[in-house]
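Student: To be precise about what I am sending: the file is called target_21.tsv and holds TSV, C-alpha atoms and all ligand atoms.
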```tsv
chain	number	residue	atom	x	y	z
A	1	MET	CA	-34.91	-28.39	-6.07
A	2	LEU	CA	-33.34	-25.03	-5.12
A	3	ARG	CA	-30.17	-26.81	-4.00
A	4	THR	CA	-30.01	-28.71	-7.31
A	5	SER	CA	-30.43	-25.49	-9.32
A	6	LEU	CA	-27.75	-23.66	-7.36
A	7	LEU	CA	-25.35	-26.57	-7.70
A	8	ALA	CA	-26.02	-26.69	-11.46
A	9	ALA	CA	-25.39	-22.92	-11.61
A	10	ALA	CA	-22.10	-23.50	-9.73
A	11	ARG	CA	-20.83	-25.21	-12.89
A	12	SER	CA	-22.47	-22.92	-15.49
A	13	PRO	CA	-20.17	-20.38	-17.21
A	14	LEU	CA	-23.20	-18.16	-18.03
A	15	ALA	CA	-24.44	-18.03	-14.44
A	16	ARG	CA	-20.86	-17.43	-13.36
A	17	LYS	CA	-20.57	-14.30	-15.50
A	18	ALA	CA	-23.89	-12.94	-14.24
A	19	VAL	CA	-22.96	-13.41	-10.57
A	20	GLU	CA	-19.33	-12.29	-10.88
A	21	ARG	CA	-20.20	-9.12	-12.78
A	22	ASN	CA	-22.70	-7.90	-10.21
A	23	PRO	CA	-20.80	-5.42	-8.02
A	24	LEU	CA	-23.11	-6.09	-5.08
A	25	THR	CA	-22.08	-9.74	-4.86
A	26	ARG	CA	-18.75	-8.81	-3.29
A	27	SER	CA	-20.07	-7.92	0.16
A	28	VAL	CA	-21.69	-11.35	0.50
A	29	VAL	CA	-18.66	-13.18	-0.89
A	30	ASN	CA	-16.49	-11.47	1.74
A	31	ARG	CA	-18.38	-13.32	4.44
A	32	PHE	CA	-17.14	-16.68	3.14
A	33	VAL	CA	-13.83	-15.85	1.41
A	34	ALA	CA	-10.78	-14.37	3.20
A	35	GLY	CA	-9.66	-12.20	0.26
A	36	ALA	CA	-8.01	-12.37	-3.13
A	37	HIS	CA	-4.28	-12.54	-2.41
A	38	THR	CA	-1.65	-14.30	-0.26
A	39	PRO	CA	-1.41	-11.44	2.31
A	40	ASP	CA	-5.21	-11.70	2.83
A	41	ALA	CA	-4.88	-15.42	3.62
A	42	VAL	CA	-1.99	-14.69	5.99
A	43	THR	CA	-3.96	-11.94	7.77
A	44	ALA	CA	-6.99	-14.23	8.21
A	45	THR	CA	-4.71	-17.00	9.48
A	46	ARG	CA	-3.09	-14.67	12.01
A	47	ALA	CA	-6.49	-13.63	13.40
A	48	LEU	CA	-7.72	-17.23	13.64
A	49	VAL	CA	-4.51	-18.51	15.24
A	50	ASP	CA	-4.58	-15.62	17.74
A	51	SER	CA	-8.09	-16.72	18.76
A	52	GLY	CA	-6.92	-20.30	19.37
A	53	ARG	CA	-8.13	-21.79	16.08
A	54	ALA	CA	-6.04	-23.74	13.55
A	55	VAL	CA	-6.39	-23.32	9.78
A	56	THR	CA	-6.52	-25.23	6.55
A	57	ILE	CA	-6.15	-22.86	3.60
A	58	ASP	CA	-7.60	-23.33	0.13
A	59	TYR	CA	-6.34	-21.36	-2.87
A	60	LEU	CA	-9.62	-21.16	-4.76
A	61	GLY	CA	-9.90	-22.76	-8.18
A	62	GLU	CA	-11.31	-25.94	-9.68
A	63	ASP	CA	-12.02	-27.69	-12.99
A	64	THR	CA	-8.78	-26.36	-14.50
A	65	THR	CA	-8.60	-27.06	-18.24
A	66	ASP	CA	-5.19	-25.55	-18.87
A	67	VAL	CA	-1.75	-26.84	-17.79
A	68	ALA	CA	-0.53	-23.28	-17.17
A	69	ASP	CA	-3.44	-22.64	-14.76
A	70	ALA	CA	-2.57	-25.84	-12.89
A	71	THR	CA	1.04	-24.68	-12.56
A	72	HIS	CA	-0.16	-21.26	-11.41
A	73	THR	CA	-2.15	-22.95	-8.62
A	74	VAL	CA	0.92	-24.91	-7.49
A	75	ASP	CA	2.93	-21.66	-7.43
A	76	ALA	CA	0.21	-19.98	-5.37
A	77	TYR	CA	0.41	-22.73	-2.73
A	78	VAL	CA	4.21	-22.62	-2.66
A	79	THR	CA	4.12	-18.83	-2.20
A	80	LEU	CA	1.49	-19.15	0.51
A	81	LEU	CA	3.43	-21.79	2.44
A	82	SER	CA	6.57	-19.71	2.30
A	83	ALA	CA	4.67	-16.61	3.51
A	84	LEU	CA	3.17	-18.61	6.39
A	85	ALA	CA	6.64	-19.89	7.34
A	86	ASP	CA	8.08	-16.34	7.23
A	87	GLN	CA	5.35	-15.18	9.61
A	88	GLY	CA	5.82	-18.13	12.00
A	89	LEU	CA	2.36	-19.45	11.09
A	90	ALA	CA	3.19	-22.60	9.13
A	91	ALA	CA	3.71	-25.06	11.99
A	92	GLY	CA	0.34	-26.67	12.65
A	93	ALA	CA	-1.20	-25.15	9.53
A	94	ASP	CA	-2.70	-27.27	6.75
A	95	VAL	CA	-3.44	-26.52	3.10
A	96	SER	CA	-6.47	-27.97	1.32
A	97	VAL	CA	-6.04	-28.71	-2.38
A	98	LYS	CA	-8.64	-29.55	-5.02
A	99	LEU	CA	-6.93	-31.92	-7.45
A	100	SER	CA	-9.05	-30.54	-10.31
A	101	ALA	CA	-7.29	-27.19	-9.73
A	102	VAL	CA	-3.89	-28.81	-10.30
A	103	GLY	CA	-4.76	-30.72	-13.47
A	104	GLN	CA	-6.89	-33.78	-12.59
A	105	ALA	CA	-9.56	-32.75	-15.12
A	106	LEU	CA	-7.12	-32.32	-18.01
A	107	PRO	CA	-7.79	-34.82	-20.80
A	108	GLY	CA	-5.41	-37.76	-21.13
A	109	GLU	CA	-2.66	-37.15	-18.59
A	110	GLY	CA	-4.83	-35.40	-15.96
A	111	HIS	CA	-4.34	-37.96	-13.19
A	112	LYS	CA	-0.56	-38.01	-13.66
A	113	ILE	CA	-0.26	-34.20	-13.85
A	114	ALA	CA	-2.38	-33.80	-10.71
A	115	LEU	CA	-0.19	-36.31	-8.85
A	116	GLU	CA	3.02	-34.51	-9.87
A	117	ASN	CA	1.59	-31.12	-8.94
A	118	ALA	CA	0.21	-32.35	-5.61
A	119	ARG	CA	3.65	-33.80	-4.89
A	120	LEU	CA	5.21	-30.34	-5.40
A	121	ILE	CA	2.73	-28.85	-2.93
A	122	ALA	CA	3.41	-31.67	-0.44
A	123	GLU	CA	7.15	-30.96	-0.69
A	124	ALA	CA	6.54	-27.26	-0.02
A	125	ALA	CA	4.27	-28.14	2.92
A	126	LYS	CA	6.96	-30.43	4.34
A	127	GLY	CA	9.58	-27.69	4.01
A	128	ALA	CA	7.33	-25.23	5.85
A	129	GLY	CA	6.29	-27.69	8.58
A	130	ALA	CA	2.65	-27.74	7.44
A	131	THR	CA	0.36	-30.57	6.26
A	132	LEU	CA	-1.76	-31.13	3.14
A	133	THR	CA	-5.31	-32.41	2.76
A	134	LEU	CA	-6.83	-33.41	-0.60
A	135	ASP	CA	-10.36	-32.04	-0.95
A	136	MET	CA	-12.91	-34.39	-2.49
A	137	GLU	CA	-14.90	-33.26	-5.53
A	138	ASP	CA	-17.67	-34.99	-7.49
A	139	HIS	CA	-17.92	-38.80	-7.47
A	140	THR	CA	-16.26	-39.22	-10.88
A	141	THR	CA	-12.99	-38.12	-9.24
A	142	THR	CA	-13.11	-40.19	-6.04
A	143	ASP	CA	-11.06	-43.17	-7.26
A	144	SER	CA	-8.41	-40.95	-8.84
A	145	THR	CA	-8.18	-38.81	-5.70
A	146	LEU	CA	-7.83	-41.82	-3.38
A	147	ASP	CA	-5.18	-43.32	-5.70
A	148	ILE	CA	-3.23	-40.06	-5.57
A	149	LEU	CA	-3.61	-40.05	-1.78
A	150	GLY	CA	-2.07	-43.53	-1.62
A	151	GLU	CA	0.85	-42.49	-3.85
A	152	LEU	CA	1.54	-39.33	-1.86
A	153	ARG	CA	1.30	-41.08	1.50
A	154	GLN	CA	4.23	-43.32	0.59
A	155	ASP	CA	6.52	-40.26	0.78
A	156	PHE	CA	4.39	-37.89	2.87
A	157	PRO	CA	2.41	-40.07	5.34
A	158	TRP	CA	0.72	-37.00	6.83
A	159	VAL	CA	-1.19	-36.15	3.64
A	160	GLY	CA	-4.91	-36.48	4.37
A	161	ALA	CA	-8.08	-36.71	2.32
A	162	VAL	CA	-11.79	-36.00	2.51
A	163	ILE	CA	-14.62	-38.53	2.36
A	164	GLN	CA	-18.24	-37.58	1.78
A	165	ALA	CA	-21.04	-39.18	3.81
A	166	TYR	CA	-23.59	-38.74	1.01
A	167	LEU	CA	-21.83	-41.33	-1.20
A	168	HIS	CA	-22.90	-44.99	-0.85
A	169	ARG	CA	-19.25	-46.08	-1.13
A	170	THR	CA	-17.97	-43.97	1.76
A	171	LEU	CA	-18.51	-46.42	4.62
A	172	GLY	CA	-16.11	-48.79	2.81
A	173	ASP	CA	-13.63	-45.95	2.22
A	174	ALA	CA	-13.85	-45.03	5.93
A	175	HIS	CA	-12.89	-48.61	6.86
A	176	ASP	CA	-9.99	-48.56	4.38
A	177	LEU	CA	-8.69	-45.21	5.61
A	178	ALA	CA	-9.03	-45.75	9.37
A	179	VAL	CA	-5.40	-46.88	9.64
A	180	ALA	CA	-2.43	-45.61	11.63
A	181	GLY	CA	-1.26	-42.12	10.65
A	182	SER	CA	-4.15	-41.55	8.23
A	183	ARG	CA	-5.73	-38.09	8.41
A	184	VAL	CA	-9.35	-38.31	7.27
A	185	ARG	CA	-11.77	-35.41	7.00
A	186	LEU	CA	-15.38	-36.56	7.08
A	187	CYS	CA	-17.94	-34.17	5.54
A	188	LYS	CA	-21.51	-34.59	4.29
A	189	GLY	CA	-20.69	-33.70	0.65
A	190	ALA	CA	-21.38	-30.56	-1.37
A	191	TYR	CA	-21.91	-31.62	-5.01
A	192	ASN	CA	-24.94	-32.53	-7.09
A	193	GLU	CA	-24.83	-36.33	-7.14
A	194	PRO	CA	-27.25	-38.84	-8.70
A	195	ALA	CA	-29.25	-41.40	-6.68
A	196	SER	CA	-27.18	-44.18	-8.26
A	197	VAL	CA	-24.15	-43.15	-6.16
A	198	ALA	CA	-25.43	-40.90	-3.35
A	199	TYR	CA	-28.11	-40.75	-0.67
A	200	GLN	CA	-30.62	-38.07	-1.66
A	201	ASP	CA	-32.40	-37.72	1.64
A	202	LYS	CA	-30.77	-35.44	4.23
A	203	SER	CA	-31.59	-37.76	7.14
A	204	GLU	CA	-29.98	-40.69	5.30
A	205	VAL	CA	-26.83	-38.62	4.72
A	206	ASP	CA	-26.77	-37.73	8.43
A	207	ARG	CA	-27.18	-41.39	9.44
A	208	ASN	CA	-24.35	-42.43	7.12
A	209	TYR	CA	-22.20	-39.62	8.53
A	210	ILE	CA	-22.60	-41.11	12.01
A	211	ARG	CA	-21.87	-44.64	10.75
A	212	CYS	CA	-18.64	-43.41	9.08
A	213	LEU	CA	-17.74	-41.33	12.13
A	214	ARG	CA	-18.02	-44.42	14.36
A	215	VAL	CA	-15.63	-46.29	12.06
A	216	LEU	CA	-13.10	-43.44	12.03
A	217	MET	CA	-13.29	-42.91	15.79
A	218	ALA	CA	-12.82	-46.65	16.43
A	219	GLY	CA	-9.88	-46.86	13.99
A	220	ASP	CA	-6.22	-45.92	14.25
A	221	GLY	CA	-6.25	-42.80	12.03
A	222	TYR	CA	-6.83	-39.15	12.86
A	223	PRO	CA	-10.49	-38.17	12.31
A	224	MET	CA	-11.28	-34.61	11.22
A	225	VAL	CA	-14.96	-33.89	11.85
A	226	ALA	CA	-15.97	-31.32	9.23
A	227	SER	CA	-19.48	-30.16	9.99
A	228	HIS	CA	-21.46	-27.21	11.36
A	229	ASP	CA	-24.26	-29.52	12.45
A	230	PRO	CA	-24.74	-29.23	16.26
A	231	ARG	CA	-25.97	-32.83	16.51
A	232	ILE	CA	-22.93	-34.22	14.72
A	233	ILE	CA	-20.60	-32.06	16.81
A	234	ALA	CA	-22.19	-33.39	20.02
A	235	ILE	CA	-21.96	-37.03	18.86
A	236	ALA	CA	-18.32	-36.54	17.79
A	237	GLY	CA	-17.57	-35.19	21.28
A	238	GLU	CA	-18.99	-38.38	22.83
A	239	LEU	CA	-17.41	-40.84	20.39
A	240	GLY	CA	-14.04	-39.08	20.49
A	241	LYS	CA	-13.67	-39.01	24.29
A	242	GLY	CA	-10.12	-39.99	25.23
A	243	ARG	CA	-8.72	-39.99	21.70
A	244	ASP	CA	-7.14	-37.48	19.32
A	245	PHE	CA	-9.36	-35.88	16.67
A	246	GLU	CA	-10.32	-32.40	15.53
A	247	TYR	CA	-13.35	-30.36	14.53
A	248	GLN	CA	-13.38	-28.39	11.29
A	249	MET	CA	-15.69	-25.65	10.03
A	250	LEU	CA	-15.72	-23.24	7.11
A	251	TYR	CA	-14.54	-19.62	7.33
A	252	GLY	CA	-17.44	-17.33	8.21
A	253	ILE	CA	-19.83	-20.10	9.25
A	254	ARG	CA	-20.82	-20.40	12.93
A	255	PRO	CA	-17.77	-18.37	14.06
A	256	GLN	CA	-19.02	-18.11	17.67
A	257	GLU	CA	-19.36	-21.88	17.91
A	258	GLN	CA	-15.84	-22.18	16.49
A	259	GLU	CA	-14.54	-19.97	19.30
A	260	ILE	CA	-16.45	-21.87	21.98
A	261	ILE	CA	-14.96	-25.18	20.81
A	262	ALA	CA	-11.44	-23.72	20.67
A	263	ARG	CA	-11.80	-22.09	24.11
A	264	ARG	CA	-12.80	-25.36	25.77
A	265	GLY	CA	-9.45	-26.78	24.58
A	266	ASP	CA	-10.52	-28.91	21.58
A	267	THR	CA	-8.77	-28.50	18.23
A	268	MET	CA	-10.94	-26.36	15.96
A	269	ARG	CA	-9.60	-25.94	12.44
A	270	VAL	CA	-11.11	-23.38	10.09
A	271	TYR	CA	-11.12	-23.89	6.31
A	272	VAL	CA	-9.97	-20.55	4.88
A	273	PRO	CA	-10.57	-20.05	1.14
A	274	TYR	CA	-8.91	-17.17	-0.70
A	275	GLY	CA	-8.27	-16.17	-4.30
A	276	VAL	CA	-10.21	-14.63	-7.15
A	277	GLN	CA	-11.88	-17.83	-8.34
A	278	TRP	CA	-14.49	-17.86	-5.60
A	279	TYR	CA	-17.56	-18.56	-7.75
A	280	GLY	CA	-17.93	-22.39	-7.44
A	281	TYR	CA	-17.11	-22.36	-3.72
A	282	PHE	CA	-19.53	-19.50	-3.06
A	283	MET	CA	-22.42	-21.13	-4.95
A	284	ARG	CA	-22.00	-24.37	-2.97
A	285	ARG	CA	-22.28	-22.36	0.27
A	286	LEU	CA	-25.50	-20.74	-0.99
A	287	ALA	CA	-26.88	-24.17	-1.92
A	288	GLU	CA	-26.28	-25.48	1.61
A	289	ARG	CA	-28.55	-23.08	3.38
A	290	PRO	CA	-31.60	-21.09	2.25
A	291	ALA	CA	-30.72	-18.37	4.80
A	292	ASN	CA	-27.46	-17.72	2.95
A	293	LEU	CA	-29.34	-17.32	-0.31
A	294	ALA	CA	-31.81	-14.90	1.30
A	295	PHE	CA	-28.87	-12.88	2.66
A	296	PHE	CA	-27.33	-12.82	-0.83
A	297	LEU	CA	-30.57	-11.76	-2.55
A	298	ARG	CA	-31.13	-8.99	0.02
A	299	ALA	CA	-27.63	-7.65	-0.65
A	300	MET	CA	-28.34	-7.72	-4.39
A	301	THR	CA	-31.56	-5.75	-4.09
A	302	THR	CA	-30.68	-3.19	-1.40
A	303	ARG	CA	-27.87	-0.71	-1.24
B	1	LIG	P1	-25.73	-29.14	7.21
B	1	LIG	O1	-25.59	-28.53	5.86
B	1	LIG	O2	-26.77	-30.19	7.40
B	1	LIG	O3	-25.94	-27.98	8.24
B	1	LIG	C1	-26.15	-28.18	9.62
B	1	LIG	C2	-26.28	-26.83	10.31
B	1	LIG	O4	-25.05	-26.13	10.20
B	1	LIG	C3	-27.31	-25.91	9.69
B	1	LIG	O5	-28.58	-26.15	10.18
B	1	LIG	C4	-26.75	-24.54	10.06
B	1	LIG	O6	-27.06	-24.28	11.38
B	1	LIG	C5	-25.28	-24.75	9.92
B	1	LIG	N1	-24.78	-24.46	8.55
B	1	LIG	C6	-24.43	-25.37	7.62
B	1	LIG	N2	-24.01	-24.78	6.49
B	1	LIG	C7	-24.10	-23.47	6.69
B	1	LIG	C8	-23.82	-22.34	5.87
B	1	LIG	N3	-23.36	-22.48	4.61
B	1	LIG	N4	-24.04	-21.12	6.41
B	1	LIG	C9	-24.48	-21.00	7.67
B	1	LIG	N5	-24.77	-22.03	8.49
B	1	LIG	C10	-24.59	-23.25	8.01
B	1	LIG	N6	-17.56	-30.93	0.79
B	1	LIG	C11	-17.11	-31.71	-0.23
B	1	LIG	O7	-17.91	-32.24	-1.00
B	1	LIG	N7	-15.76	-31.89	-0.40
B	1	LIG	C12	-14.84	-31.37	0.46
B	1	LIG	O8	-13.64	-31.56	0.27
B	1	LIG	C13	-15.31	-30.56	1.54
B	1	LIG	N8	-14.44	-29.99	2.43
B	1	LIG	C14	-14.94	-29.37	3.57
B	1	LIG	C15	-14.07	-28.93	4.56
B	1	LIG	C16	-14.58	-28.41	5.74
B	1	LIG	C17	-13.62	-27.97	6.81
B	1	LIG	C18	-15.98	-28.30	5.92
B	1	LIG	C19	-16.56	-27.77	7.20
B	1	LIG	C20	-16.84	-28.69	4.93
B	1	LIG	C21	-16.35	-29.22	3.74
B	1	LIG	N9	-17.20	-29.61	2.72
B	1	LIG	C22	-16.69	-30.37	1.68
B	1	LIG	C23	-18.62	-29.16	2.72
B	1	LIG	C24	-19.53	-30.20	3.34
B	1	LIG	O9	-19.65	-31.33	2.51
B	1	LIG	C25	-20.96	-29.62	3.56
B	1	LIG	O10	-21.48	-29.23	2.32
B	1	LIG	C26	-21.01	-28.45	4.51
B	1	LIG	O11	-20.10	-28.58	5.56
B	1	LIG	C27	-22.41	-28.32	5.12
B	1	LIG	O12	-22.72	-29.49	5.83
B	1	LIG	P2	-22.85	-29.54	7.44
B	1	LIG	O13	-22.18	-30.78	7.89
B	1	LIG	O14	-22.33	-28.31	8.01
B	1	LIG	O15	-24.38	-29.79	7.72
```
What is this structure when it is put down as structure tokens?

Tutor:
Amino acid sequence: MLRTSLLAAARSPLARKAVERNPLTRSVVNRFVAGAHTPDAVTATRALVDSGRAVTIDYLGEDTTDVADATHTVDAYVTLLSALADQGLAAGADVSVKLSAVGQALPGEGHKIALENARLIAEAAKGAGATLTLDMEDHTTTDSTLDILGELRQDFPWVGAVIQAYLHRTLGDAHDLAVAGSRVRLCKGAYNEPASVAYQDKSEVDRNYIRCLRVLMAGDGYPMVASHDPRIIAIAGELGKGRDFEYQMLYGIRPQEQEIIARRGDTMRVYVPYGVQWYGYFMRRLAERPANLAFFLRAMTTR
């Protein structure tokens, strides 16, 4: 119930204004977001790389309804990739892109605009020596996102995508994507989805995660295990013995565990969000864990 309300608020302009305008929100946001500008993302990347962790960087924004905003997002990624290259941080880095931030949600030509914009980012990533992963948003975008993935992979075979264990369709998608060279990030899923398309029960989502993970680990692609769940991390360690794969976690979440995994020699990639449009991302993090909400409410009521 609380999760549903927070996820509804994540898409409400009114709730957005109320949260964004509260000056006390900032301290809590800082725990999950690396900063507002390119140099902040570069600084966070430097610290993570120095501690043995890899990064995937997200310029925050989603549900863009304006072509100029979509172009601005592309420019932000191009600037970021060039800054990473200048600092010697681009090789091995990845950028995560939400297609709705580069035009997918625009009426009429949205799919085509998102494909063209994602292609520009892929070209910049190639030039810098980095990779690109397409984030997955709500289920109404899944087909479009996987189509764009297929188009991009013809020219940039290292472009990856995310699949969400809470969707009924995902086991099939995992089979389709477990092919040579295919980078696949498996997560549980962070949006408010109806029972017609998604498992509602947490234990069912977890079971489907493991089913999908088995398929990815048995396939020829490159699995990216995106979860903070200790049980899933342990199972991935067992299933992935003797093969290439990586763990992924979000910036600011279980940082000690991230360091432990990196120190034992496994690839640990951290998803680093930055930018001023942090609202939707932040609300999804609150929805995931009551303790985060309690932390937020405490910060709002105490000085
Ligand atoms: P779960 O939420 O069940 O948590 C398991 C345990 O992890 C908790 O008990 C707690 O210990 C810890 N934990 C989890 N969340 C925490 C938090 N917010 N704060 C503190 N501790 C926490 N989703 C999506 O729909 N599309 C996408 O493209 C992506 N991309 C993505 C990239 C990466 C790198 C990650 C790690 C995650 C995503 N997600 C995502 C989000 C994902 O779907 C999911 O919502 C979160 O990862 C939380 O799920 P867990 O697997 O961590 O398990």

Student: From the set A:Asp244, A:Asp229, A:Glu109, A:Glu62, which residue has the shortest atom-to-atom contact distance to ligand LIG 1 (chain B), counting only C-alpha atoms and all ligand atoms?

Tutor: A:Asp229

Student: Given a cut-off of 6 Å, what residues near ligand LIG 1 (chain B) show up using only C-alpha atoms and all ligand atoms, put as a PyMOL selection string?

Tutor: chain A and resi 135-137+162+187-191+226-229+248-250+253+271+285+288-289+292

Student: Residues as selected, C-alpha atoms, written as a PDB file, in the coordinates of the input, can you do that?

Tutor:
```
ATOM      1  CA  ASP A 135     -10.360 -32.040  -0.950  1.00  0.00           C
ATOM      2  CA  MET A 136     -12.910 -34.390  -2.490  1.00  0.00           C
ATOM      3  CA  GLU A 137     -14.900 -33.260  -5.530  1.00  0.00           C
ATOM      4  CA  VAL A 162     -11.790 -36.000   2.510  1.00  0.00           C
ATOM      5  CA  CYS A 187     -17.940 -34.170   5.540  1.00  0.00           C
ATOM      6  CA  LYS A 188     -21.510 -34.590   4.290  1.00  0.00           C
ATOM      7  CA  GLY A 189     -20.690 -33.700   0.650  1.00  0.00           C
ATOM      8  CA  ALA A 190     -21.380 -30.560  -1.370  1.00  0.00           C
ATOM      9  CA  TYR A 191     -21.910 -31.620  -5.010  1.00  0.00           C
ATOM     10  CA  ALA A 226     -15.970 -31.320   9.230  1.00  0.00           C
ATOM     11  CA  SER A 227     -19.480 -30.160   9.990  1.00  0.00           C
ATOM     12  CA  HIS A 228     -21.460 -27.210  11.360  1.00  0.00           C
ATOM     13  CA  ASP A 229     -24.260 -29.520  12.450  1.00  0.00           C
ATOM     14  CA  GLN A 248     -13.380 -28.390  11.290  1.00  0.00           C
ATOM     15  CA  MET A 249     -15.690 -25.650  10.030  1.00  0.00           C
ATOM     16  CA  LEU A 250     -15.720 -23.240   7.110  1.00  0.00           C
ATOM     17  CA  ILE A 253     -19.830 -20.100   9.250  1.00  0.00           C
ATOM     18  CA  TYR A 271     -11.120 -23.890   6.310  1.00  0.00           C
ATOM     19  CA  ARG A 285     -22.280 -22.360   0.270  1.00  0.00           C
ATOM     20  CA  GLU A 288     -26.280 -25.480   1.610  1.00  0.00           C
ATOM     21  CA  ARG A 289     -28.550 -23.080   3.380  1.00  0.00           C
ATOM     22  CA  ASN A 292     -27.460 -17.720   2.950  1.00  0.00           C
TER      23      ASN A 292
END
```

Student: Which of these, A:Arg169, A:Arg31, A:Arg21, A:His175, has the shortest distance to Leu213 (chain A) once you count all atoms listed in the file?

Tutor: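 For Leu213 (chain A), the nearest of the candidates is A:His175.
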
Student: Residues of region 179-298 of chain A that approach region 139-157 of chain A to 9 Å or less, counting all atoms listed in the file: could you list each one with the shortest pair of atoms and its distance in Å to one decimal, rows by chain and increasing residue number, as CSV?

Tutor:
```
residue,atom,partner,partner_atom,distance
A:Gly181,CA,A:Pro157,CA,6.8
A:Ser182,CA,A:Pro157,CA,7.3
A:Arg183,CA,A:Pro157,CA,8.9
A:Tyr191,CA,A:His139,CA,8.6
A:Glu193,CA,A:His139,CA,7.3
A:Val197,CA,A:His139,CA,7.7
A:Ala198,CA,A:His139,CA,8.8
```

Student: Go ahead and save the residues from that selection, with C-alpha atoms, as a short mmCIF file (atom, residue, chain, number, x, y, z; two decimals), keeping the file's coordinate frame.

Tutor:
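Done, and the output landed in again-v5.cif:
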```cif
data_model
loop_
_atom_site.label_atom_id
_atom_site.label_comp_id
_atom_site.auth_asym_id
_atom_site.auth_seq_id
_atom_site.Cartn_x
_atom_site.Cartn_y
_atom_site.Cartn_z
CA GLY A 181 -1.26 -42.12 10.65
CA SER A 182 -4.15 -41.55 8.23
CA ARG A 183 -5.73 -38.09 8.41
CA TYR A 191 -21.91 -31.62 -5.01
CA GLU A 193 -24.83 -36.33 -7.14
CA VAL A 197 -24.15 -43.15 -6.16
CA ALA A 198 -25.43 -40.90 -3.35
#
```

Student: Using all atoms listed in the file, find the one residue out of A:Asn22, A:Ser196, A:Ser96, A:Gln258 that sits nearest to Ala161 (chain A).

Tutor: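 Selected residue with least distance to Ala161 (chain A): A:Ser96.
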
Student: Please list as an mmCIF file with C-alpha atoms, in the coordinates of the input every residue within 12 Å of Tyr279 (chain A), counting only C-alpha atoms and excluding residues in the same chain fewer than 4 positions away.

Tutor:
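Output file result-v3.cif follows:
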```cif
data_model
loop_
_atom_site.group_PDB
_atom_site.id
_atom_site.type_symbol
_atom_site.label_atom_id
_atom_site.label_comp_id
_atom_site.auth_asym_id
_atom_site.auth_seq_id
_atom_site.Cartn_x
_atom_site.Cartn_y
_atom_site.Cartn_z
ATOM 1 C CA LEU A 6 -27.750 -23.660 -7.360
ATOM 2 C CA LEU A 7 -25.350 -26.570 -7.700
ATOM 3 C CA ALA A 9 -25.390 -22.920 -11.610
ATOM 4 C CA ALA A 10 -22.100 -23.500 -9.730
ATOM 5 C CA ARG A 11 -20.830 -25.210 -12.890
ATOM 6 C CA SER A 12 -22.470 -22.920 -15.490
ATOM 7 C CA PRO A 13 -20.170 -20.380 -17.210
ATOM 8 C CA LEU A 14 -23.200 -18.160 -18.030
ATOM 9 C CA ALA A 15 -24.440 -18.030 -14.440
ATOM 10 C CA ARG A 16 -20.860 -17.430 -13.360
ATOM 11 C CA LYS A 17 -20.570 -14.300 -15.500
ATOM 12 C CA ALA A 18 -23.890 -12.940 -14.240
ATOM 13 C CA VAL A 19 -22.960 -13.410 -10.570
ATOM 14 C CA GLU A 20 -19.330 -12.290 -10.880
ATOM 15 C CA ARG A 21 -20.200 -9.120 -12.780
ATOM 16 C CA THR A 25 -22.080 -9.740 -4.860
ATOM 17 C CA ARG A 26 -18.750 -8.810 -3.290
ATOM 18 C CA VAL A 28 -21.690 -11.350 0.500
ATOM 19 C CA VAL A 29 -18.660 -13.180 -0.890
ATOM 20 C CA ASN A 30 -16.490 -11.470 1.740
ATOM 21 C CA PHE A 32 -17.140 -16.680 3.140
ATOM 22 C CA VAL A 33 -13.830 -15.850 1.410
ATOM 23 C CA LEU A 60 -9.620 -21.160 -4.760
ATOM 24 C CA GLY A 61 -9.900 -22.760 -8.180
ATOM 25 C CA GLU A 62 -11.310 -25.940 -9.680
ATOM 26 C CA ASP A 63 -12.020 -27.690 -12.990
ATOM 27 C CA PRO A 273 -10.570 -20.050 1.140
ATOM 28 C CA TYR A 274 -8.910 -17.170 -0.700
ATOM 29 C CA GLY A 275 -8.270 -16.170 -4.300
ATOM 30 C CA MET A 283 -22.420 -21.130 -4.950
ATOM 31 C CA ARG A 284 -22.000 -24.370 -2.970
ATOM 32 C CA ARG A 285 -22.280 -22.360 0.270
ATOM 33 C CA LEU A 286 -25.500 -20.740 -0.990
#
```

Student: When you count all atoms listed in the file, which of these residues is closest to Asp173 (chain A): A:Lys112, A:Arg53, A:Arg185, A:Lys241?

Tutor: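 Using all atoms listed in the file, the shortest distance to Asp173 (chain A) belongs to A:Arg185.
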
Student: At a cut-off of 12 Å, using all atoms listed in the file, what residues contact Thr64 (chain A)? Leave out same-chain residues fewer than 6 positions from it and give the result as a ChimeraX atom specification.

Tutor: /A:70-73,98-107,110,113-114,277

Student: I'd like the interatomic distance between CA of Arg3 (chain A) and CA of Tyr281 (chain A), to a tenth of an Å.

Tutor: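 Computing it gives 13.8 Å between the two atoms.
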
Student: At what distance in Å, to one decimal, does CA of Asp86 (chain A) lie from CA of Leu48 (chain A)?

Tutor: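 Spanning CA of Leu48 (chain A) to CA of Asp86 (chain A) is a straight-line distance of 17.1 Å.
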
Student: Fewer than 6 positions away in the same chain doesn't count, so skip those; otherwise give me all residues within 8 Å of Thr267 (chain A), counting all atoms listed in the file, as a PDB file with C-alpha atoms, keeping the file's coordinate frame.

Tutor:
```pdb
ATOM      1  CA  ARG A  53      -8.130 -21.790  16.080  1.00  0.00           C
ATOM      2  CA  ALA A  54      -6.040 -23.740  13.550  1.00  0.00           C
ATOM      3  CA  PHE A 245      -9.360 -35.880  16.670  1.00  0.00           C
ATOM      4  CA  GLU A 246     -10.320 -32.400  15.530  1.00  0.00           C
ATOM      5  CA  TYR A 247     -13.350 -30.360  14.530  1.00  0.00           C
ATOM      6  CA  ILE A 261     -14.960 -25.180  20.810  1.00  0.00           C
TER       7      ILE A 261
END
```
